[in-house]
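Engineer: For reference, the structure I am asking about is given below.
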Amino acid sequence: SHMPKLNRLFLDNNLIEILEDKSFFGLINLKVLSLENNKIKRIGNITLIGMIKLEKIVLNINEIEIIEEGSFGQLISLIEINLGKNKFK
């Protein structure tokens, strides 16, 4: 990664539809990831891999229908997940 010291990333209001596998791989010091008010439909089980310092993830106001099993399993520092206003079935 070219931003190893980055610890907060705000990508709110960007019309993001797809989070690829390992989207944030290499951002090892990231503590806060905010993806509020986008068009994300799913969280894959390796989308967030390697984010061992992540404490907070904000996914409010998206179109999430599917969160694959184990998606948050490797986030060993996670304290808060915000998933309000999505389209879970």
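For the structure tokens, the naming scheme is as follows: chains receive sequential letters (A, B, ...) according to their order of presentation, residues are indexed from 1 within each chain, and ligands are indexed from 1 in presentation order.
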I want to know what sits within 10 Å of A:Leu19, based on only C-alpha atoms, with residues of the same chain fewer than 3 positions away left out; could you give that as a count of residues only?

Structural biologist: 11

Engineer: Would you list the contacts of stretch 67-72 of chain A as a VMD selection string, taking every protein, DNA or RNA residue within 12 Å and counting only C-alpha atoms, but skipping same-chain residues closer than 5 positions in sequence?

Structural biologist: chain A and resid 19 21 to 22 40 to 52 54 to 57 59 77 to 81 83 86 to 89

Engineer: Find the spatial neighbours of A:Met3, counting only C-alpha atoms, within a cut-off of 10 Å - ignore same-chain residues fewer than 6 positions away - and output them as an mmCIF file with all heavy atoms, in the first residue's frame.

Structural biologist:
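And here is the file that came out, around.cif:
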data_model
loop_
_atom_site.group_PDB
_atom_site.id
_atom_site.type_symbol
_atom_site.label_atom_id
_atom_site.label_comp_id
_atom_site.auth_asym_id
_atom_site.auth_seq_id
_atom_site.Cartn_x
_atom_site.Cartn_y
_atom_site.Cartn_z
ATOM 1 N N GLY A 26 -3.852 -3.937 2.605
ATOM 2 C CA GLY A 26 -2.664 -3.098 2.696
ATOM 3 C C GLY A 26 -2.857 -1.875 3.562
ATOM 4 O O GLY A 26 -1.886 -1.255 3.985
ATOM 5 N N LEU A 27 -4.108 -1.528 3.846
ATOM 6 C CA LEU A 27 -4.373 -0.397 4.737
ATOM 7 C C LEU A 27 -4.389 -0.925 6.175
ATOM 8 O O LEU A 27 -5.401 -0.927 6.864
ATOM 9 C CB LEU A 27 -5.700 0.277 4.377
ATOM 10 C CG LEU A 27 -5.774 0.860 2.969
ATOM 11 C CD1 LEU A 27 -7.145 1.448 2.695
ATOM 12 C CD2 LEU A 27 -4.695 1.907 2.742
ATOM 13 N N ILE A 28 -3.224 -1.365 6.609
ATOM 14 C CA ILE A 28 -3.126 -2.126 7.857
ATOM 15 C C ILE A 28 -3.371 -1.303 9.112
ATOM 16 O O ILE A 28 -3.651 -1.856 10.163
ATOM 17 C CB ILE A 28 -1.764 -2.837 7.968
ATOM 18 C CG1 ILE A 28 -0.629 -1.814 7.854
ATOM 19 C CG2 ILE A 28 -1.631 -3.910 6.889
ATOM 20 C CD1 ILE A 28 0.746 -2.378 8.154
ATOM 21 N N ASN A 29 -3.270 0.008 9.027
ATOM 22 C CA ASN A 29 -3.492 0.849 10.203
ATOM 23 C C ASN A 29 -4.866 1.509 10.221
ATOM 24 O O ASN A 29 -5.143 2.337 11.092
ATOM 25 C CB ASN A 29 -2.383 1.904 10.301
ATOM 26 C CG ASN A 29 -1.071 1.270 10.685
ATOM 27 O OD1 ASN A 29 -0.980 0.565 11.682
ATOM 28 N ND2 ASN A 29 -0.047 1.479 9.881
ATOM 29 N N LEU A 30 -5.714 1.155 9.279
ATOM 30 C CA LEU A 30 -7.038 1.767 9.207
ATOM 31 C C LEU A 30 -7.862 1.399 10.431
ATOM 32 O O LEU A 30 -8.021 0.230 10.758
ATOM 33 C CB LEU A 30 -7.758 1.315 7.936
ATOM 34 C CG LEU A 30 -8.809 2.273 7.392
ATOM 35 C CD1 LEU A 30 -8.169 3.594 6.970
ATOM 36 C CD2 LEU A 30 -9.546 1.665 6.223
#

Engineer: Under the rule that only C-alpha atoms are counted, which of A:Ile76, A:Ser34, A:Lys53, A:Glu63 is the nearest residue to A:Leu11?

Structural biologist: A:Ser34

Engineer: Identify, on the basis of only C-alpha atoms, every residue whose closest approach to A:Asn60 does not exceed 7 Å; exclude the query and any residue fewer than 2 positions from it along the same chain; express the result as an MDAnalysis selection string.

Structural biologist: chainID A and resid 36:37 58 62 82:86
